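Undergrad: Starting off with a structure, shown below.
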Amino acid sequence: MTTTDFDWVQLQHRAHQEFAARIAAVQNWDAPTPDTDWSVRDLVTHVVTEQQWVPHLLAGRSLEQARSSIDRLRADLAGEWALYSLAATSAWHSTPRDARVQLSSDTVTADEYLREQVADVTIHAWDLARAVGADETLDDELVRAVWSVFEPQKATLEASGLFASPVPVADDAPLQSRLLAITGRDDRR
């Protein structure tokens with residue numbers, strides 16, 4: 001499958017539902033996560049902050065303009081997720097897929113940014129599930145879609161500095177396990 005085989009706006013909504021379900025299970029915001037440098041609070045803060053940027057960047061603002069519009073997060077991270085998830089989702093629905101978006105590393109189409117965001121939220125939904133002891137099973141179509149983004153890049157993911165070294169898994173392992181493995185995550189207990 002290729003990235004063009006998916007309705008990424010619909011998948012963005014699903015990824016946000018997956019993440020929201022895991023936030024609802026948080027009881028200890030200071031618990032560790034698979035991202036060894038982050039607590040649950042740090043992980044959720046990262047994902048919420050990423051959503052804060054979405055409407056500003058999709059509106060064509062520069063990084064500097066967007067940065068000056070980003071509010072400091074309040075202590076209620078679950079409430080902040082609900083607020084900024086809705087704002088991001090609304091922005092995705094009203095932005096043409098070919099609109100140009102300035103990111104810190106490059107200027108890309110809204111469609112490319114959308115795929116990046118769906119992948120980020122999906123992977124972090126699993127991280128949060130593992131951290132809080134929630135159901136770790138991700139939506140099958142989300143897994144296939146994110147795989148279509150990451151698999152062609154598997155040789156460069158670790159070099160990007162965003163992911164740990166790939167985890168060895170069997171070629172016939174479930175796709176979710178293989179996806180997590182190429183992002184440096186081991187879903188085995």
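The way I read the labels, and the way they are meant: chains A, B, ... in the order of the structure tokens, residue 1 as the first residue of every chain, and ligand 1 as the first ligand shown, with later ones counted on from there.
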Extract, using only C-alpha atoms, all DNA, RNA and protein residues at most 6 Å from region 125-129 of chain A, discarding same-chain residues fewer than 6 positions from it, and format them as a list of chain:residue names.
TA: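 Selected residues are A:Phe19, A:Arg22, A:Pro34, A:Glu136.
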Undergrad: Considering only strand (DSSP E) as DSSP defines it on the backbone, what residues of chain A qualify? List them as a PyMOL selection string.
TA: chain A and resi 100-102+107-109
Undergrad: Could you take the residues named above and write them with C-alpha atoms, as a compact mmCIF listing (two decimals), in the first residue's frame?
TA:
```txt
# COMPACT_ATOMS: atom_id res chain seq x y z
CA ARG A 100 2.21 24.82 1.53
CA VAL A 101 3.18 24.53 5.21
CA GLN A 102 6.38 25.83 6.75
CA THR A 107 8.26 23.54 3.59
CA VAL A 108 5.88 20.72 2.68
CA THR A 109 2.34 20.22 1.45
```
Undergrad: Calculated over only C-alpha atoms, which of the candidates A:Gln27, A:Thr49, A:Asp37, A:Val118 has the smallest distance to Glu141 (chain A)?
TA: A:Val118
Undergrad: List the spatial neighbours of region 64-72 of chain A as a PDB file with N, CA, C and O atoms, in the first residue's frame - criterion: any atom at most 9 Å away, only C-alpha atoms, same-chain residues fewer than 3 positions off excluded.
TA:
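Saved the output as around.pdb:
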```pdb
ATOM      1  N   THR A  49       1.136  19.875  22.443  1.00  0.00           N
ATOM      2  CA  THR A  49       1.854  21.020  21.878  1.00  0.00           C
ATOM      3  C   THR A  49       1.915  20.933  20.357  1.00  0.00           C
ATOM      4  O   THR A  49       1.732  21.941  19.658  1.00  0.00           O
ATOM      5  N   GLN A  52      -1.222  22.197  18.998  1.00  0.00           N
ATOM      6  CA  GLN A  52      -1.357  23.655  19.080  1.00  0.00           C
ATOM      7  C   GLN A  52      -0.826  24.331  17.812  1.00  0.00           C
ATOM      8  O   GLN A  52      -1.360  25.355  17.391  1.00  0.00           O
ATOM      9  N   TRP A  53       0.222  23.789  17.241  1.00  0.00           N
ATOM     10  CA  TRP A  53       0.854  24.384  16.065  1.00  0.00           C
ATOM     11  C   TRP A  53       0.008  24.221  14.800  1.00  0.00           C
ATOM     12  O   TRP A  53       0.069  25.059  13.897  1.00  0.00           O
ATOM     13  N   PRO A  55      -3.225  24.477  13.598  1.00  0.00           N
ATOM     14  CA  PRO A  55      -4.059  25.511  12.957  1.00  0.00           C
ATOM     15  C   PRO A  55      -3.248  26.707  12.462  1.00  0.00           C
ATOM     16  O   PRO A  55      -3.549  27.266  11.403  1.00  0.00           O
ATOM     17  N   HIS A  56      -2.229  27.085  13.202  1.00  0.00           N
ATOM     18  CA  HIS A  56      -1.407  28.238  12.821  1.00  0.00           C
ATOM     19  C   HIS A  56      -0.602  27.952  11.555  1.00  0.00           C
ATOM     20  O   HIS A  56      -0.547  28.780  10.643  1.00  0.00           O
ATOM     21  N   LEU A  57       0.014  26.788  11.511  1.00  0.00           N
ATOM     22  CA  LEU A  57       0.826  26.452  10.339  1.00  0.00           C
ATOM     23  C   LEU A  57      -0.043  26.226   9.106  1.00  0.00           C
ATOM     24  O   LEU A  57       0.325  26.629   8.000  1.00  0.00           O
ATOM     25  N   ARG A  61       0.887  30.647   8.506  1.00  0.00           N
ATOM     26  CA  ARG A  61       1.778  31.454   9.333  1.00  0.00           C
ATOM     27  C   ARG A  61       3.187  30.885   9.320  1.00  0.00           C
ATOM     28  O   ARG A  61       3.390  29.683   9.196  1.00  0.00           O
TER      29      ARG A  61
END
```
Undergrad: May I ask which of the residues A:Leu43, A:Ala91, A:Leu180, A:Ala78 is the closest one to Ala59 (chain A), counting only C-alpha atoms?
TA: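 When distances to Ala59 (chain A) are compared using only C-alpha atoms, the smallest one comes from A:Ala91.
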